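A.B. asks: Handing you a structure now.
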Amino acid sequence: MQQAVHRVVVLALPGVFPFELGIPAKAFGLARGPDGDRPYEVLTCTPDGRPVRTSEDFSIAVEHDASVIATADTLIVAAIDDPLRVSDPLPEPVAAALGRLRPGTRLVSICTASFVLAAAGLLDGRPATTHWIHAERFRELYPRTPLDPDVLYVDDGDVLTSAGAAAGMDLCLHLIRRDHGSEIANQVARICVVPPWRDGGQAQYIARPVPDATGSDTAGAREWALRQLHQPIKLAQFATQAGMSVRTFSRRFLAETGQTPGHWLTTQRLELARRLLESSDLPVDRVAEHAGFGSPSSLRQHLAAAVGVSPAAYRRTFQGRSGPECSAAGQDVSGAASTASPRLPRVMTRTSS
């Protein structure tokens with residue numbers, strides 16, 4: 001017996017990103033069952049059926065208005081350029097469109113569309129993600145939603161959210177895999193020339209600059225430490241550079257940076273290692289040496305804990321070259337044991353009851 005076709009409705013709102021809007025139609029439209037049948041039907045709508053402006057210099061016309069949402073098995077809200085436009089309050093046309101949802105409809109947001117679901121109260125108490133750039137603002141507006149900005153997507157059963165841009169494709173492939181298995185999802189990935197399963201999460205794309213040291217009592221010590229990252233740095237040495245006791249230095253350092261000296265050092269070593277992996281051909285053991293990790297295994301453990309991938313995988317992502325893998329647990333330069341293991345890919349999943 002042929003399986004019923006699953007209807008996916010994609011809601012396009014003003015300021016929609018054309019790239020993200022096209023992802024569901026591409027991914028679900030390419031899926032084929034064992035007999036060549038189409039397991040999905042994709043319809044695109046706007047709240048009133050009229051064209052909507054995009055984030056670019058053109059508008060998009062659609063065939064449907066929000067009435068088709070009442071027929072959806074899955075509703076996907078595409079990313080928008082200004083998520084704060086829908087934050088407080090939710091615009092009436094958008095609220096009316098979402099009000100057409102049937103009980104049991106699977107809800108999906110791509111990138112900043114998580115703001116739309118959150119503003120509608122549909123993410124209260126549910127884990128979610130969004131683009132890392134907007135994570136802080138999201139937390140301020142929707143404290144009732146546990147947010148994880150490091151993952152590519154969050155599967156909470158009947159509500160799923162993705163990180164920025166291409167993570168929407170990761171989530172669509174995940175849904176196809178969940179609905180129909182890896183073989184069909186992998187075939188879609190091959191046609192789209194994308195990996196069926198990406199290493200790591202969006203944490204590896206987040207830029208974390210060193211905090212501004214202007215006017216800080218520990219600024220000089222931090223500048224000194226940045227020049228000494230290739231060497232072991234003891235807390236007493238660090239404090240001496242600031243002319244303070246260890247206790248006073250630790251207290252001032254935490255107040256100024258929000259981190260302990262040991263955590264700050266590890267973060268700066270990781271940033272240096274990432275820059276070297278991206279911009280140099282140094283072997284992983286030399287990268288570990290220059291960044292002060294002491295051994296490739298220590299670098300691997302810390303990088304996996306921070307961004308979810310190995311040095312070689314990180315280099316492939318940002319430089320397009322292969323690097324030697326490194327393994328085994330290590331000890332970081334501050335003396336803390338490293339026990340983290342790689343998490344591939346970085347997603348959060350939970351099946352609802």
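Convention: chains lettered A, B, ... in structure tokens order; per-chain residue numbering from 1; ligands numbered from 1 as shown.
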Any chance you could list, as an NGL selection string, the residues in range 97-331 of chain A that come up helix (DSSP H, G or I) when DSSP is run on the backbone?

C.D. replies: :A and (97-98 or 111-119 or 132-141 or 167-180 or 182-192 or 202-205 or 219-226 or 235-241 or 246-257 or 261-279 or 284-290 or 296-307 or 311-319)

A.B. asks: Near Gly220 in chain A, within 8 Å and counting only C-alpha atoms, which residues show up once chain neighbours fewer than 4 positions away are dropped, as a list in words?

C.D. replies: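 Counting only C-alpha atoms, the residues come to Trp224, Gln241 and Ala242 of chain A.
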
A.B. asks: As an exercise, work out the distance from CA of Val8 in chain A to CA of Thr161 in chain A in Å and give it to one decimal place.

C.D. replies: 15.3 Å

A.B. asks: Please report the interatomic distance between CA of Ala25 in chain A and CA of Asp124 in chain A in Å with one decimal.

C.D. replies: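 We find that CA of Ala25 in chain A and CA of Asp124 in chain A lie 28.0 Å from each other.
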
A.B. asks: Applying 10 Å and only C-alpha atoms, which residues near Ala221 in chain A remain after dropping the ones on its own chain fewer than 4 positions away? List them as JSON, numbers by chain.

C.D. replies: {"A": [213, 216, 217, 225, 226, 237, 238, 239, 240, 241, 242, 243, 249, 253]}

A.B. asks: Env of range 59-70 of chain A: 10 Å cut, atoms = only C-alpha atoms, seq-sep filter 3 positions within chain, self excluded. Answer as a JSON list (two decimals) with C-alpha atoms, in the first residue's frame.

C.D. replies:
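Output file selection00.json is given in full below:
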[["chain", "number", "residue", "atom", "x", "y", "z"],
["A", 7, "ARG", "CA", 2.27, 17.80, 3.27],
["A", 8, "VAL", "CA", 4.96, 20.35, 4.15],
["A", 9, "VAL", "CA", 3.81, 23.96, 4.23],
["A", 10, "VAL", "CA", 6.46, 26.68, 4.23],
["A", 11, "LEU", "CA", 5.48, 30.08, 5.61],
["A", 12, "ALA", "CA", 7.27, 33.07, 4.05],
["A", 14, "PRO", "CA", 8.23, 39.82, 5.06],
["A", 15, "GLY", "CA", 12.02, 40.01, 5.01],
["A", 16, "VAL", "CA", 12.39, 36.30, 4.25],
["A", 18, "PRO", "CA", 15.47, 33.56, -0.30],
["A", 43, "LEU", "CA", 3.45, 24.23, -0.57],
["A", 44, "THR", "CA", 4.68, 27.76, 0.07],
["A", 45, "CYS", "CA", 2.42, 30.44, 1.49],
["A", 46, "THR", "CA", 2.37, 33.95, 2.88],
["A", 47, "PRO", "CA", -0.07, 35.21, 5.52],
["A", 48, "ASP", "CA", -2.39, 36.77, 2.90],
["A", 49, "GLY", "CA", -1.26, 35.01, -0.29],
["A", 50, "ARG", "CA", 0.28, 38.19, -1.65],
["A", 51, "PRO", "CA", 3.94, 38.63, -2.65],
["A", 52, "VAL", "CA", 6.35, 39.39, 0.17],
["A", 53, "ARG", "CA", 9.54, 41.38, 0.02],
["A", 54, "THR", "CA", 12.69, 39.41, 0.71],
["A", 55, "SER", "CA", 15.91, 40.37, 2.43],
["A", 56, "GLU", "CA", 17.32, 41.14, -1.01],
["A", 73, "ASP", "CA", 1.47, 17.81, 8.44],
["A", 74, "THR", "CA", 4.63, 19.89, 8.92],
["A", 75, "LEU", "CA", 4.81, 23.68, 9.05],
["A", 76, "ILE", "CA", 8.20, 25.27, 8.38],
["A", 93, "PRO", "CA", -1.35, 38.54, 10.42],
["A", 94, "VAL", "CA", 1.38, 36.17, 11.60],
["A", 96, "ALA", "CA", -3.64, 34.60, 12.63],
["A", 97, "ALA", "CA", -1.64, 32.40, 10.25],
["A", 98, "LEU", "CA", -0.20, 30.32, 13.10],
["A", 99, "GLY", "CA", -3.68, 30.14, 14.63],
["A", 100, "ARG", "CA", -4.68, 27.90, 11.72],
["A", 101, "LEU", "CA", -2.40, 25.09, 12.91],
["A", 102, "ARG", "CA", -4.07, 21.75, 13.52],
["A", 103, "PRO", "CA", -3.23, 19.85, 16.73],
["A", 105, "THR", "CA", 1.23, 19.50, 13.27]]

A.B. asks: Out of A:Gly121, A:Gly157, A:Pro24, A:Gly292, which residue has the shortest atom-to-atom distance to Leu107 in chain A when counting only C-alpha atoms?

C.D. replies: A:Gly157

A.B. asks: Measuring between only C-alpha atoms, which one of A:Ala118, A:Phe28, A:Leu13, A:Glu20 shows the shortest distance to Ile191 in chain A?

C.D. replies: A:Phe28

A.B. asks: I need the residue nearest Ala128 in chain A from this list: A:Leu276, A:Leu173, A:Leu147, A:Cys111. Use only C-alpha atoms for the distance.

C.D. replies: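 For Ala128 in chain A, the nearest of the candidates is A:Leu147.
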